[in-house]
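This is entry.txt (compact mmCIF, C-alpha atoms).
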```txt
# COMPACT_ATOMS: atom_id res chain seq x y z
CA MET A 1 234.39 89.28 140.08
CA ALA A 2 234.22 92.40 137.94
CA SER A 3 231.13 93.53 139.85
CA LEU A 4 233.11 93.33 143.09
CA ARG A 5 235.75 95.68 141.77
CA THR A 6 233.34 98.29 140.45
CA GLU A 7 231.59 99.02 143.75
CA SER A 8 231.10 102.60 144.69
CA ALA A 9 232.94 104.04 147.66
CA ALA A 10 229.65 104.71 149.46
CA ASP A 11 228.91 100.98 149.79
CA GLY A 12 232.27 100.37 151.37
CA PRO A 13 233.81 97.13 152.55
CA GLN A 14 230.56 95.80 154.05
CA MET A 15 228.98 95.35 150.61
CA HIS A 16 232.16 93.73 149.31
CA ALA A 17 232.18 91.21 152.16
CA ALA A 18 228.49 90.32 151.66
CA ARG A 19 228.99 89.65 147.96
CA ALA A 20 232.13 87.66 148.60
CA GLY A 21 230.24 85.58 151.18
CA ARG A 22 227.47 84.80 148.71
CA HIS A 23 230.06 83.85 146.11
CA THR A 24 231.76 81.48 148.56
CA VAL A 25 228.47 79.82 149.49
CA LEU A 26 227.55 79.41 145.84
CA CYS A 27 230.93 77.86 145.03
CA LEU A 28 230.59 75.52 148.00
CA LEU A 29 227.16 74.35 146.89
CA LEU A 30 228.37 73.77 143.34
CA LEU A 31 231.37 71.82 144.62
CA LEU A 32 229.15 69.71 146.87
CA GLY A 33 226.84 68.94 143.94
CA ALA A 34 229.78 67.90 141.78
CA ILE A 35 231.26 65.63 144.47
CA LEU A 36 228.06 63.79 145.40
CA LYS A 37 227.20 60.87 143.16
CA PRO A 38 223.60 60.64 141.89
CA GLN A 39 222.73 57.82 144.32
CA GLU A 40 224.13 59.77 147.28
CA SER A 41 221.80 62.39 148.56
CA VAL A 42 221.26 64.37 151.70
CA ALA A 43 217.51 63.65 151.43
CA GLN A 44 216.07 60.63 153.20
CA LEU A 45 214.47 57.99 151.06
CA LEU A 46 210.88 57.05 151.81
CA THR A 47 210.49 53.47 152.93
CA THR A 48 208.13 51.16 151.11
CA PRO A 49 206.66 47.98 152.61
CA GLY A 50 209.40 45.81 151.10
CA SER A 51 212.30 48.26 151.30
CA LEU A 52 213.40 47.17 154.77
CA GLU A 53 213.77 43.54 153.64
CA PRO A 54 217.08 42.37 152.20
CA GLU A 55 217.15 42.79 148.43
CA GLY A 56 217.50 39.05 147.76
CA THR A 57 214.33 38.31 149.71
CA MET A 58 212.38 40.97 147.80
CA VAL A 59 213.45 39.53 144.46
CA GLU A 60 212.58 35.98 145.58
CA ASN A 61 209.15 37.13 146.75
CA TYR A 62 208.60 38.94 143.45
CA GLU A 63 209.62 35.83 141.52
CA THR A 64 207.06 33.79 143.48
CA ILE A 65 204.30 36.32 142.77
CA VAL A 66 205.29 36.48 139.08
CA GLN A 67 204.94 32.71 138.82
CA LEU A 68 201.44 33.00 140.31
CA CYS A 69 200.60 35.70 137.75
CA TRP A 70 201.89 33.42 135.00
CA ARG A 71 199.84 30.42 136.21
CA ASP A 72 196.65 32.50 136.39
CA TYR A 73 197.29 33.84 132.89
CA LYS A 74 198.07 30.39 131.51
CA ASP A 75 194.86 28.96 133.02
CA LEU A 76 192.82 31.77 131.46
CA MET A 77 194.46 31.29 128.06
CA ASP A 78 194.04 27.51 128.18
CA SER A 79 190.33 27.99 128.83
CA ILE A 80 190.02 30.00 125.59
CA ARG A 81 189.25 27.52 122.82
CA GLU A 82 189.00 30.11 120.08
CA ASP A 83 191.65 31.93 118.09
CA TRP A 84 194.47 33.26 120.29
CA CYS A 85 195.36 35.76 117.59
CA ASP A 86 192.12 37.69 118.00
CA TRP A 87 192.87 40.63 120.29
CA THR A 88 189.24 41.06 121.35
CA ILE A 89 189.31 37.56 122.84
CA ILE A 90 192.71 37.61 124.55
CA SER A 91 192.96 41.27 125.60
CA LYS A 92 191.48 40.69 129.08
CA PRO A 93 193.87 37.88 130.17
CA TYR A 94 196.85 39.68 128.63
CA SER A 95 195.97 42.96 130.33
CA ASP A 96 195.46 41.13 133.64
CA LEU A 97 198.93 39.59 133.33
CA GLN A 98 200.52 42.96 132.61
CA TYR A 99 198.63 44.56 135.51
CA CYS A 100 199.72 41.78 137.88
CA LEU A 101 203.38 42.10 136.84
CA GLU A 102 203.35 45.90 137.01
CA GLN A 103 201.56 46.24 140.35
CA ASN A 104 203.73 43.66 142.09
CA ALA A 105 206.91 45.20 140.68
CA ASP A 106 205.81 48.55 142.08
CA HIS A 107 204.92 46.94 145.40
CA PHE A 108 208.41 45.48 145.74
CA GLY A 109 210.06 48.65 144.45
CA LEU A 110 211.61 46.94 141.43
CA GLY A 111 210.21 49.11 138.68
CA PHE A 112 208.48 48.01 135.51
CA PRO A 113 209.47 46.71 133.03
CA ASN A 114 212.14 44.61 134.69
CA PRO A 115 214.06 41.56 133.42
CA LEU A 116 211.76 39.03 135.08
CA ALA A 117 208.59 40.68 133.77
CA GLU A 118 210.12 40.89 130.28
CA GLN A 119 211.00 37.20 130.45
CA ILE A 120 207.38 36.33 131.30
CA ILE A 121 206.04 38.52 128.49
CA PHE A 122 208.46 36.97 125.97
CA GLU A 123 207.44 33.51 127.14
CA THR A 124 203.80 34.50 126.68
CA HIS A 125 204.42 35.57 123.11
CA GLN A 126 206.40 32.45 122.30
CA THR A 127 203.81 30.15 123.85
CA HIS A 128 200.53 31.71 122.79
CA PHE A 129 201.20 34.06 119.90
CA ALA A 130 203.98 32.37 117.90
CA ASN A 131 201.60 31.57 115.03
CA CYS A 132 200.02 35.02 114.90
CA SER A 133 201.21 37.33 112.19
CA LEU A 134 200.61 40.92 111.30
CA VAL A 135 199.77 40.07 107.70
CA GLN A 136 196.81 42.09 106.57
CA PRO A 137 194.72 41.33 103.52
CA THR A 138 196.31 42.65 100.39
CA LEU A 139 194.36 45.29 98.55
CA SER A 140 193.67 44.78 94.88
CA ASP A 141 192.57 47.08 92.07
CA PRO A 142 188.85 47.59 91.63
CA PRO A 143 187.12 45.88 88.71
CA GLU A 144 188.00 47.33 85.32
CA ASP A 145 184.58 48.86 84.58
CA VAL A 146 184.59 50.76 87.92
CA LEU A 147 188.14 51.92 87.33
CA LEU A 148 187.30 53.23 83.83
CA ALA A 149 184.24 55.08 85.14
CA MET A 150 186.35 56.75 87.84
CA ILE A 151 188.90 57.86 85.24
CA ILE A 152 186.57 58.94 82.42
CA ALA A 153 184.06 60.91 84.53
CA PRO A 154 186.49 63.69 85.54
CA ILE A 155 188.00 63.83 82.04
CA CYS A 156 184.56 64.43 80.50
CA LEU A 157 183.58 66.89 83.19
CA ILE A 158 186.54 69.23 82.60
CA PRO A 159 185.54 70.44 79.07
CA PHE A 160 181.97 70.97 80.30
CA LEU A 161 183.14 73.13 83.20
CA VAL A 162 185.49 75.14 80.95
CA THR A 163 182.62 75.77 78.51
CA LEU A 164 180.37 76.85 81.37
CA VAL A 165 182.95 79.35 82.70
CA VAL A 166 183.58 80.86 79.25
CA TRP A 167 179.83 81.13 78.55
CA ARG A 168 179.15 82.84 81.91
CA SER A 169 182.04 85.28 81.44
CA LYS A 170 180.75 86.27 77.95
CA ASP A 171 177.26 86.71 79.41
CA SER A 172 178.54 89.06 82.13
CA GLU A 173 180.53 91.08 79.51
CA ALA A 174 177.40 91.53 77.38
CA GLN A 175 175.47 92.93 80.33
CA ALA A 176 178.16 95.49 81.16
```
As structure tokens, please, write out the structure in this file.
Amino acid sequence: MASLRTESAADGPQMHAARAGRHTVLCLLLLLGAILKPQESVAQLLTTPGSLEPEGTMVENYETIVQLCWRDYKDLMDSIREDWCDWTIISKPYSDLQYCLEQNADHFGLGFPNPLAEQIIFETHQTHFANCSLVQPTLSDPPEDVLLAMIIAPICLIPFLVTLVVWRSKDSEAQA
């Protein structure tokens, strides 16, 4: 507002009216932005293949597809006779399950992760990976003779290096 009052006389009332008009438009836009809720927008939403269906039908269709994903995954895991805790063996079926859940959630516009996908993943972990643990082998000290060699070698090397430095410095002083 201070800039409106400090106009020069040469600009006159036309400049004052233009600035006041811009100020009014700006205030109107700010007010409109404050009134609209985040889900309300003047922009049109793009339709997806499932967005014109009622929401209940979309969720039911997604649930059906998720159960198919789960059955496929379970069949793959049941065919694996080896250790289910070895990631190299189970990574393919697990990744396929995640891909199936994620792609179908995107197709139905539900987003990922969603409660149903999380439920399937939790069920997977409870069913197939309940006995797997993250325990890694504990590290122990090396044998005593190796440990002593690793400690004594640097201790013996230090006096030798000090002697070498002193000897070389005396040699360079004698030459000067």
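In terms of minimum interatomic distance to Glu102 in chain A, A:Glu118 ranks closest within A:Glu118, A:Asp75, A:Glu123, A:Asp145, counting only C-alpha atoms.
CA of Arg81 in chain A to CA of Gln98 in chain A spans 21.5 Å [interatomic distance, one decimal].
In this comparison, which uses only C-alpha atoms, the residue of A:Leu101, A:Leu76, A:Ile155, A:Leu116 approaching Ile89 in chain A most closely is A:Leu76.
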Exercise: Pro113 in chain A partners within 12 Å, all atoms listed in the file, chain neighbours under 6 positions left out, as a PyMOL selection string:
chain A and resi 98-106+119-121
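Proximity of A:Asp96, A:Pro159, A:Leu148, A:Met77 to Phe129 in chain A, computed with all atoms listed in the file, is greatest for A:Met77.
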As a CSV table (one decimal), in the frame of the given file, please: range 87-107 of chain A completed to N, CA and C atoms.
```
chain,number,residue,atom,x,y,z
A,87,TRP,N,192.6,39.8,119.1
A,87,TRP,CA,192.9,40.6,120.3
A,87,TRP,C,191.6,40.8,121.2
A,88,THR,N,190.5,40.9,120.6
A,88,THR,CA,189.2,41.1,121.4
A,88,THR,C,189.0,39.9,122.3
A,89,ILE,N,189.5,38.7,122.0
A,89,ILE,CA,189.3,37.6,122.8
A,89,ILE,C,190.4,37.5,123.9
A,90,ILE,N,191.6,37.8,123.6
A,90,ILE,CA,192.7,37.6,124.6
A,90,ILE,C,193.1,38.9,125.3
A,91,SER,N,192.5,40.0,125.0
A,91,SER,CA,193.0,41.3,125.6
A,91,SER,C,192.8,41.3,127.1
A,92,LYS,N,191.7,40.7,127.6
A,92,LYS,CA,191.5,40.7,129.1
A,92,LYS,C,192.5,39.9,129.8
A,93,PRO,N,192.8,38.6,129.5
A,93,PRO,CA,193.9,37.9,130.2
A,93,PRO,C,195.2,38.5,130.0
A,94,TYR,N,195.5,39.0,128.8
A,94,TYR,CA,196.8,39.7,128.6
A,94,TYR,C,197.0,40.9,129.5
A,95,SER,N,195.9,41.7,129.5
A,95,SER,CA,196.0,43.0,130.3
A,95,SER,C,196.1,42.6,131.8
A,96,ASP,N,195.4,41.6,132.2
A,96,ASP,CA,195.5,41.1,133.6
A,96,ASP,C,196.9,40.7,134.0
A,97,LEU,N,197.5,40.0,133.1
A,97,LEU,CA,198.9,39.6,133.3
A,97,LEU,C,199.8,40.8,133.5
A,98,GLN,N,199.7,41.7,132.5
A,98,GLN,CA,200.5,43.0,132.6
A,98,GLN,C,200.2,43.7,133.9
A,99,TYR,N,199.0,43.9,134.3
A,99,TYR,CA,198.6,44.6,135.5
A,99,TYR,C,199.3,43.9,136.7
A,100,CYS,N,199.2,42.5,136.8
A,100,CYS,CA,199.7,41.8,137.9
A,100,CYS,C,201.2,42.0,138.0
A,101,LEU,N,201.9,41.9,136.8
A,101,LEU,CA,203.4,42.1,136.8
A,101,LEU,C,203.7,43.5,137.3
A,102,GLU,N,203.0,44.5,136.7
A,102,GLU,CA,203.4,45.9,137.0
A,102,GLU,C,203.1,46.3,138.5
A,103,GLN,N,201.9,45.9,139.0
A,103,GLN,CA,201.6,46.2,140.4
A,103,GLN,C,202.5,45.6,141.4
A,104,ASN,N,202.8,44.3,141.1
A,104,ASN,CA,203.7,43.7,142.1
A,104,ASN,C,205.2,44.2,142.0
A,105,ALA,N,205.6,44.6,140.8
A,105,ALA,CA,206.9,45.2,140.7
A,105,ALA,C,206.9,46.5,141.4
A,106,ASP,N,205.9,47.3,141.3
A,106,ASP,CA,205.8,48.6,142.1
A,106,ASP,C,205.8,48.3,143.6
A,107,HIS,N,205.0,47.3,144.0
A,107,HIS,CA,204.9,46.9,145.4
A,107,HIS,C,206.3,46.6,146.0
```
